[in-house]
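Trainee: My file is start09.cif. It has mmCIF, C-alpha atoms:
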```
data_work
loop_
_atom_site.label_atom_id
_atom_site.label_comp_id
_atom_site.auth_asym_id
_atom_site.auth_seq_id
_atom_site.Cartn_x
_atom_site.Cartn_y
_atom_site.Cartn_z
CA MET A 1 60.79 33.78 146.89
CA ALA A 2 62.64 30.80 145.49
CA ALA A 3 61.28 28.98 142.48
CA SER A 4 59.63 25.65 143.22
CA PHE A 5 60.85 23.33 140.46
CA GLN A 6 63.96 21.23 141.01
CA ASN A 7 64.26 18.62 138.23
CA ILE A 8 66.66 19.18 135.37
CA ARG A 9 66.62 17.08 132.23
CA ALA A 10 68.06 17.28 128.73
CA ILE A 11 66.27 15.91 125.70
CA GLY A 12 66.80 15.79 121.95
CA ALA A 13 64.39 16.27 119.10
CA ASP A 14 63.26 12.65 119.37
CA GLY A 15 62.51 13.05 123.08
CA ALA A 16 65.41 10.83 124.19
CA PRO A 17 67.79 12.02 126.94
CA ILE A 18 71.05 13.57 125.77
CA ALA A 19 73.92 12.11 127.76
CA GLY A 20 76.15 14.75 129.29
CA GLU A 21 74.14 17.68 127.94
CA ARG A 22 73.58 20.58 130.34
CA PRO A 23 71.16 23.45 129.72
CA SER A 24 72.87 26.82 129.36
CA ALA A 25 71.27 28.21 132.53
CA ASP A 26 72.30 25.16 134.55
CA ARG A 27 75.42 26.87 135.82
CA VAL A 28 73.32 29.76 137.13
CA SER A 29 70.60 28.15 139.23
CA ARG A 30 68.85 24.83 139.73
CA SER A 31 65.70 26.42 141.13
CA VAL A 32 63.74 26.31 137.87
CA ALA A 33 63.06 23.18 135.86
CA ARG A 34 64.87 23.27 132.51
CA VAL A 35 65.29 20.98 129.55
CA HIS A 36 67.46 21.29 126.45
CA LEU A 37 65.71 20.64 123.15
CA THR A 38 67.68 20.36 119.94
CA VAL A 39 65.66 20.54 116.74
CA THR A 40 67.76 20.21 113.63
CA ARG A 41 67.48 23.15 111.23
CA ARG A 42 69.24 23.87 107.96
CA ARG A 43 70.45 27.23 109.25
CA LEU A 44 70.60 29.25 112.46
CA SER A 45 68.26 32.16 113.03
CA SER A 46 69.78 35.61 112.67
CA ILE A 47 71.31 36.71 115.95
CA LEU A 48 71.20 40.24 114.63
CA ALA A 49 67.43 40.06 114.23
CA ALA A 50 66.87 38.38 117.58
CA LEU A 51 69.00 40.67 119.72
CA LEU A 52 68.98 43.83 117.64
CA ILE A 53 65.21 44.12 117.96
CA ALA A 54 65.05 42.29 121.31
CA ALA A 55 63.00 39.40 120.03
CA LEU A 56 61.14 40.93 117.11
CA CYS A 57 60.57 44.53 118.16
CA ALA A 58 59.59 45.31 114.58
CA PRO A 59 56.54 44.58 112.44
CA SER A 60 56.34 40.97 111.33
CA THR A 61 56.80 40.28 107.63
CA ARG A 62 56.42 36.50 107.65
CA ALA A 63 53.66 34.88 105.61
CA LEU A 64 50.73 33.83 107.76
CA PRO A 65 48.93 30.52 107.28
CA GLN A 66 45.42 30.49 105.88
CA ALA A 67 43.03 32.23 108.27
CA ALA A 68 41.10 30.03 110.67
CA GLY A 69 38.77 30.68 113.56
CA ARG A 70 35.95 33.18 113.93
CA ASP A 71 36.78 36.90 113.93
CA GLY A 72 35.17 39.23 116.43
CA PHE A 73 35.52 42.73 117.81
CA ALA A 74 35.53 43.58 121.51
CA ARG A 75 34.23 47.09 122.18
CA LEU A 76 36.05 48.06 125.36
CA PRO A 77 35.56 51.38 127.18
CA ASP A 78 38.35 53.22 125.30
CA VAL A 79 39.30 50.98 122.37
CA THR A 80 37.88 48.28 120.09
CA LEU A 81 40.08 45.21 119.76
CA HIS A 82 40.05 42.45 117.17
CA TYR A 83 40.04 38.87 118.45
CA VAL A 84 39.84 35.36 117.03
CA ASP A 85 37.81 32.53 118.54
CA TRP A 86 38.98 29.04 117.53
CA GLY A 87 36.30 27.37 119.66
CA GLY A 88 36.66 24.50 122.09
CA THR A 89 35.39 24.02 125.62
CA GLY A 90 37.10 23.95 128.97
CA PRO A 91 39.61 26.33 130.61
CA VAL A 92 40.36 29.44 128.56
CA LEU A 93 43.63 29.87 126.64
CA LEU A 94 44.21 33.43 125.45
CA PHE A 95 46.97 33.91 122.87
CA LEU A 96 48.69 37.32 122.81
CA THR A 97 50.48 38.53 119.70
CA GLY A 98 54.00 39.58 118.85
CA LEU A 99 54.68 43.13 117.69
CA GLY A 100 52.83 43.98 114.48
CA ASP A 101 50.95 40.68 114.35
CA SER A 102 47.27 39.87 114.12
CA ALA A 103 45.81 37.13 116.31
CA HIS A 104 45.64 35.09 113.10
CA ALA A 105 49.41 34.61 113.48
CA PHE A 106 48.38 31.68 115.74
CA ASP A 107 46.18 29.97 113.14
CA SER A 108 48.47 26.94 112.87
CA LEU A 109 49.13 26.70 116.62
CA ALA A 110 46.03 27.66 118.59
CA PRO A 111 43.58 25.08 117.13
CA GLN A 112 45.78 22.28 118.49
CA PHE A 113 44.38 22.96 121.98
CA THR A 114 40.64 23.17 121.28
CA ASP A 115 40.07 19.55 122.34
CA ARG A 116 40.86 20.53 125.95
CA ALA A 117 40.24 24.28 126.15
CA ARG A 118 38.37 27.25 124.79
CA VAL A 119 40.95 29.05 122.67
CA LEU A 120 40.99 32.76 121.88
CA GLY A 121 43.53 35.20 120.44
CA LEU A 122 43.67 38.95 121.05
CA THR A 123 45.19 41.55 118.71
CA ARG A 124 46.59 44.36 120.84
CA ARG A 125 45.67 47.99 120.20
CA GLY A 126 47.53 49.61 117.32
CA GLN A 127 47.90 46.36 115.36
CA GLY A 128 45.96 44.53 112.66
CA LYS A 129 42.23 45.24 112.74
CA SER A 130 42.29 46.63 116.28
CA GLU A 131 41.84 50.36 116.76
CA ALA A 132 44.93 52.53 117.12
CA PRO A 133 44.22 55.33 119.60
CA ALA A 134 46.74 58.11 120.15
CA SER A 135 47.99 56.68 123.45
CA GLY A 136 47.77 53.69 125.78
CA TYR A 137 50.67 51.51 124.62
CA ASP A 138 52.51 51.00 127.90
CA PRO A 139 52.53 47.50 129.47
CA GLN A 140 50.07 48.45 132.22
CA THR A 141 47.48 49.85 129.81
CA LEU A 142 47.89 46.84 127.54
CA ALA A 143 47.40 44.61 130.60
CA ASN A 144 44.26 46.58 131.43
CA ASP A 145 43.01 45.89 127.90
CA ILE A 146 43.40 42.16 128.56
CA ARG A 147 41.42 42.49 131.78
CA ALA A 148 38.67 44.48 130.04
CA PHE A 149 38.49 41.87 127.26
CA LEU A 150 38.10 39.05 129.80
CA ASP A 151 35.41 41.05 131.59
CA LEU A 152 33.50 41.63 128.35
CA MET A 153 33.72 37.93 127.44
CA LYS A 154 32.62 37.01 131.00
CA ILE A 155 35.82 35.02 131.60
CA ASP A 156 36.90 34.92 135.23
CA LYS A 157 40.30 33.29 134.73
CA ALA A 158 42.55 32.41 131.79
CA THR A 159 45.90 30.99 130.82
CA LEU A 160 47.87 33.55 128.82
CA VAL A 161 50.10 32.38 125.96
CA GLY A 162 52.27 35.25 124.75
CA PHE A 163 54.62 35.36 121.78
CA SER A 164 57.68 37.62 121.61
CA ALA A 165 56.81 41.21 122.63
CA ALA A 166 53.69 39.99 124.48
CA GLY A 167 55.93 38.95 127.38
CA SER A 168 55.91 42.47 128.82
CA GLU A 169 52.15 42.98 129.05
CA MET A 170 51.57 39.34 130.02
CA THR A 171 53.95 39.65 132.97
CA GLN A 172 52.35 42.97 133.92
CA PHE A 173 48.89 41.40 133.79
CA ALA A 174 49.96 38.47 135.98
CA SER A 175 51.43 40.92 138.51
CA SER A 176 48.43 43.27 138.57
CA TYR A 177 45.59 40.73 138.29
CA SER A 178 46.97 37.52 139.77
CA GLN A 179 43.48 36.23 140.60
CA ARG A 180 42.59 36.28 136.88
CA VAL A 181 45.54 34.07 135.81
CA ASP A 182 45.61 30.29 135.69
CA LYS A 183 48.98 29.72 134.00
CA LEU A 184 51.43 31.55 131.73
CA VAL A 185 53.27 30.36 128.61
CA TYR A 186 56.09 32.50 127.21
CA LEU A 187 56.78 31.66 123.53
CA ASP A 188 60.29 33.12 123.21
CA ALA A 189 58.87 36.06 125.17
CA VAL A 190 61.40 36.30 128.02
CA ASN A 191 62.72 39.76 127.19
CA ASP A 192 64.67 42.44 129.03
CA TYR A 193 63.93 45.39 126.77
CA LYS A 194 65.51 48.08 128.93
CA SER A 195 68.77 46.17 129.26
CA GLY A 196 68.75 45.27 125.55
CA TYR A 197 68.24 48.90 124.54
CA GLU A 198 71.06 50.06 126.81
CA LEU A 199 73.36 47.42 125.35
CA ALA A 200 72.56 48.46 121.79
CA THR A 201 72.89 52.21 122.35
CA ASN A 202 75.86 52.35 124.73
CA PRO A 203 78.77 53.80 122.70
CA ARG A 204 81.13 51.30 124.32
CA THR A 205 79.12 48.18 123.46
CA LYS A 206 76.73 49.15 120.63
CA TYR A 207 75.79 45.50 120.17
CA PRO A 208 75.00 44.73 117.52
CA LEU A 209 73.76 48.08 116.13
CA PRO A 210 71.55 50.94 117.36
CA LEU A 211 67.92 49.86 117.58
CA PRO A 212 65.53 50.96 114.83
CA GLU A 213 62.36 52.81 115.76
CA PRO A 214 59.16 51.36 114.27
CA PRO A 215 56.69 54.07 113.24
CA GLY A 216 53.36 54.93 114.84
CA ALA A 217 51.74 52.74 117.48
CA LEU A 218 54.43 50.07 117.19
CA GLY A 219 57.08 52.62 118.07
CA GLN A 220 55.06 53.65 121.12
CA ILE A 221 54.88 50.01 122.26
CA VAL A 222 58.64 49.60 121.88
CA ARG A 223 59.49 52.84 123.69
CA ALA A 224 57.14 52.06 126.58
CA ALA A 225 58.38 48.48 126.96
CA ARG A 226 62.04 49.50 127.19
CA LEU A 227 61.48 51.80 130.18
CA SER A 228 62.00 48.78 132.43
CA ASP A 229 62.78 45.07 132.37
CA SER A 230 59.99 42.64 133.26
CA ASP A 231 59.45 42.08 136.98
CA TYR A 232 58.89 38.34 137.37
CA SER A 233 59.18 38.46 141.17
CA LYS A 234 55.53 39.53 141.50
CA VAL A 235 54.17 36.63 139.43
CA SER A 236 52.69 33.72 141.40
CA ALA A 237 51.08 31.69 138.60
CA PRO A 238 52.90 28.65 137.17
CA ALA A 239 54.88 29.73 134.11
CA LEU A 240 56.41 27.85 131.19
CA ALA A 241 59.06 29.62 129.11
CA LEU A 242 60.02 28.17 125.72
CA PHE A 243 63.33 29.94 125.10
CA VAL A 244 65.24 29.93 121.82
CA VAL A 245 68.97 29.70 122.59
CA TYR A 246 71.50 30.74 119.95
CA ASP A 247 74.81 28.90 120.27
CA GLN A 248 76.90 31.07 117.95
CA ALA A 249 76.93 34.39 116.14
CA TYR A 250 75.08 34.75 112.87
CA ILE A 251 77.56 35.49 110.08
CA PRO A 252 76.12 36.71 106.74
CA ALA A 253 77.32 34.65 103.79
CA ASP A 254 78.89 37.71 102.15
CA ALA A 255 80.72 38.94 105.28
CA ASP A 256 84.40 39.72 104.75
CA ALA A 257 87.07 38.73 107.25
CA GLU A 258 86.91 42.05 109.13
CA LEU A 259 83.12 41.94 109.57
CA ARG A 260 83.20 38.25 110.47
CA GLY A 261 85.75 38.88 113.21
CA ARG A 262 83.85 41.87 114.56
CA LEU A 263 80.55 39.97 114.71
CA ILE A 264 82.14 37.03 116.49
CA ARG A 265 83.90 39.29 119.03
CA ARG A 266 80.77 41.29 119.79
CA TRP A 267 78.71 38.12 120.09
CA GLU A 268 81.12 36.62 122.60
CA GLU A 269 81.58 39.89 124.52
CA TYR A 270 78.00 41.14 124.54
CA GLY A 271 75.51 38.95 122.66
CA ARG A 272 76.00 35.65 124.45
CA PRO A 273 76.16 37.26 127.94
CA PHE A 274 72.97 39.22 127.26
CA GLN A 275 71.18 36.06 126.13
CA GLN A 276 72.31 34.42 129.35
CA GLN A 277 71.25 37.48 131.36
CA ARG A 278 67.67 37.26 130.07
CA LEU A 279 67.46 33.60 130.97
CA THR A 280 69.11 34.13 134.37
CA HIS A 281 66.65 36.90 135.20
CA PHE A 282 63.68 34.60 134.60
CA VAL A 283 65.32 31.68 136.42
CA HIS A 284 66.12 33.72 139.51
CA ASP A 285 62.92 35.75 139.82
CA MET A 286 60.03 33.60 138.57
CA ARG A 287 58.52 31.88 141.61
CA ASN A 288 57.00 28.86 139.91
CA GLY A 289 58.60 28.47 136.52
CA THR A 290 59.83 25.97 133.97
CA VAL A 291 62.31 26.83 131.20
CA ILE A 292 62.70 24.71 128.08
CA GLU A 293 65.61 25.65 125.84
CA PHE A 294 65.24 25.26 122.09
CA HIS A 295 68.62 25.05 120.37
CA GLU A 296 69.07 25.35 116.59
CA ALA A 297 65.57 26.80 116.29
CA GLU A 298 64.21 30.13 115.08
CA HIS A 299 62.16 32.75 116.90
CA ALA A 300 59.09 32.40 114.66
CA ASP A 301 59.20 28.58 114.50
CA PHE A 302 56.54 28.41 117.22
CA LEU A 303 54.08 29.96 114.74
CA ARG A 304 55.01 27.71 111.81
CA THR A 305 54.01 24.11 111.21
CA GLY A 306 57.11 21.98 111.71
CA PRO A 307 59.19 20.06 114.27
CA VAL A 308 59.72 23.02 116.61
CA GLN A 309 56.01 23.79 116.79
CA ALA A 310 55.17 20.11 117.24
CA ARG A 311 57.56 19.82 120.18
CA ALA A 312 56.28 23.09 121.64
CA VAL A 313 52.69 21.82 121.48
CA SER A 314 53.70 18.61 123.25
CA GLU A 315 55.44 20.50 126.06
CA MET A 316 52.60 23.01 126.36
CA ARG A 317 49.92 20.32 126.55
CA GLN A 318 51.81 18.53 129.29
CA PHE A 319 52.21 21.79 131.23
CA LEU A 320 48.63 22.95 130.68
CA PHE A 321 46.63 19.77 131.02
CA GLU A 322 48.67 17.02 132.67
CA SER A 323 49.99 19.03 135.60
CA ARG A 324 46.59 20.11 136.92
#
```
In C-alpha cells, how does this file's structure come out?
Mentor:
Amino acid sequence: MAASFQNIRAIGADGAPIAGERPSADRVSRSVARVHLTVTRRRLSSILAALLIAALCAPSTRALPQAAGRDGFARLPDVTLHYVDWGGTGPVLLFLTGLGDSAHAFDSLAPQFTDRARVLGLTRRGQGKSEAPASGYDPQTLANDIRAFLDLMKIDKATLVGFSAAGSEMTQFASSYSQRVDKLVYLDAVNDYKSGYELATNPRTKYPLPLPEPPGALGQIVRAARLSDSDYSKVSAPALALFVVYDQAYIPADADAELRGRLIRRWEEYGRPFQQQRLTHFVHDMRNGTVIEFHEAEHADFLRTGPVQARAVSEMRQFLFESR
C-alpha cells in the first residue's frame, strides 16, 4: 500500500525554508512527507558508533538528567517491569527505551507533553529496575509486554514513542495490536538490524568492524532483533520518524593517512548506502508516514536538552496534537 503523504519541504534550524535543499531520500520516493533539519553542532556524531552498533546496540553510558516523574512497578504475568509516570491528562504517550536505558532516560523530554497527554515510560525487561528473566527478549515477546502493561494500566490505546533499539518492538506491537495504537514516533529508531549485522560481518564488506556482543539480557535483545529487519508494511497507524542523517564519515583526530583513507572508502562504499537503505525501507513500506531528517545532529540529542531536542519536541507536538 502506498504511503499517503505527498508534501516535501526543507527547513533549517531556525525553521526557515532552505532554498535548493533536497532531503536525502527525495531521490528515492515522494510518497512519504520529509523535511531536512540542520542543527549546527560543534562536531559530527561518530559514524562508527551509529552504524557499528546499528543505532546504539550497546548499553548507554551517557549521563542522565536528574530523575523526574513517579516510579512504579507493573507486575505482569511473567515479569515485573519498571515504569515512570510523568503525569498529565489526555491521550496516552508511552515512551520506550533504547538498549540498556531506564525510562528515566526521557526525564528531560517526556514532561514537555504533559500539558496535552498522560505521559508514561516503560523500561523493557532485562534493563534498569525491570526484572531480567532467562528468556523473552525477542521483538514479539517485548511487544506482548507492552500490551500486558497497557492492560494492567487499563489503557485501551496509546501513542508509542520509541528511541533507538525500541523501533523493533514498537513496529512489532503496531503490527500485532493495531487496534491499540494511536500513533507512532521513531526517535532515530528506524533500524534494519539484520541487514546491518550482515554488512558488518560479511568478510567482503566488514563495515565498519564486526559487531560487539553485549552480555546477558542485552545480548539476547540484540541477537533476537537481528534475525529480521522491521516489517513496516503491516503498520497502519500514522508514524513520524525523526532520522539522524550523517553526511560524512567520522574520522578520529589521531587517524593516520592509511586509516583515514580506509574509513572514507568504506563509508562511501558501504556506510552511506546502508544509511540510505534504512531510510528507503521506511519510505517505501510505511503506509502513513512522515520522515524528518536531522543533519549535523547526534543520536542521543533527542534525550538531551538543547536545540535538537527543542526542534524534535516542536515537530512531535505538531504531529501528535495538531494533526488530529
Trainee: Evaluate the PyMOL selection byres ((chain A and resi 102) around 9) on the structure here and hand back the selected residues as a ChimeraX atom specification.
Mentor: /A:82-83,97-101,103-106,121-124,127-130
Trainee: Env of range 134-136 of chain A: 12 Å cut, atoms = only C-alpha atoms, seq-sep filter 6 positions within chain, self excluded. Answer as JSON, numbers by chain.
Mentor: {"A": [78, 79, 124, 125, 126, 142, 143, 144, 145, 216, 217, 218, 219, 220, 221, 223, 224, 225]}
Trainee: Using all atoms listed in the file, determine which residues lie at most 10 Å from range 88-93 of chain A, disregarding the query and same-chain residues fewer than 2 positions distant; provide the list as a PyMOL selection string.
Mentor: chain A and resi 85-86+95-96+110-111+113-121+150+155-161+182-185+320-321
Trainee: Given the choices A:Phe282, A:Phe173, A:Phe243, A:Tyr186, which gets closest to Phe294 in chain A if the distance is worked out from only C-alpha atoms?
Mentor: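 Looking only at the distances to Phe294 in chain A, the closest residue turns out to be A:Phe243.
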Trainee: Could you tell me which residues the PyMOL selection byres ((chain A and resi 315) around 12) grabs in this file, written as a ChimeraX atom specification?
Mentor: /A:11,15,34-35,37,185,187,240-242,290-294,302,308-314,316-323
Trainee: Using all atoms of range 180-198 of chain A that appear in the file, construct an axis-aligned enclosing box with 8 Å of padding on every side and provide its centre coordinates and edge lengths in Å, rounded to one decimal, as lines of an AutoDock Vina configuration file.
Mentor:
```
center_x = 56.8
center_y = 39.9
center_z = 130.0
size_x = 44.5
size_y = 36.3
size_z = 29.7
```
Trainee: Report, in Å with one decimal, the straight-line distance from CA of Ser228 in chain A to CA of Asp192 in chain A.
Mentor: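 Distance reported for this atom pair: 7.7 Å.
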Trainee: For the point (56.3, 28.0, 110.6) in the file's frame, write as a ChimeraX atom specification all residues with an atom no more than 12 Å away, counting all atoms listed in the file.
Mentor: /A:62-65,105-109,297-310
Trainee: Go through A:Leu94, A:Leu152, A:Ala239, A:Ala68 one by one, measure the shortest atom-to-atom distance of each to Thr80 in chain A using only C-alpha atoms, and give the residue with the smallest value.
Mentor: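 With only C-alpha atoms as the atom set, the closest residue is A:Leu152.
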Trainee: How many Å lie between CA of Ser164 in chain A and CA of Asp188 in chain A, rounded to one decimal?
Mentor: 5.4 Å
Trainee: Pick out the closest residue to Gly162 in chain A from this set: A:Gln275, A:Ala249, A:Val190, A:Asp254. Count only C-alpha atoms.
Mentor: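 Going through A:Gln275, A:Ala249, A:Val190, A:Asp254 one by one, the smallest distance to Gly162 in chain A is for A:Val190.
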Trainee: In Å, with one decimal, what is the gap from CA of Ala74 in chain A to CA of Tyr232 in chain A?
Mentor: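 Interatomic distance here is 28.7 Å.
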Trainee: Taking all atoms listed in the file into account, name the residue in A:Glu268, A:Arg75, A:Glu131, A:Asn288 that is nearest to Met153 in chain A.
Mentor: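 Answer, going by the shortest atom-to-atom distance: A:Arg75.
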Trainee: Carefully work through the PyMOL selection byres ((chain A and resi 171) around 8) for this structure and note down the residues it includes, as a VMD selection string.
Mentor: chain A and resid 167 to 170 172 to 175 230 to 232 235
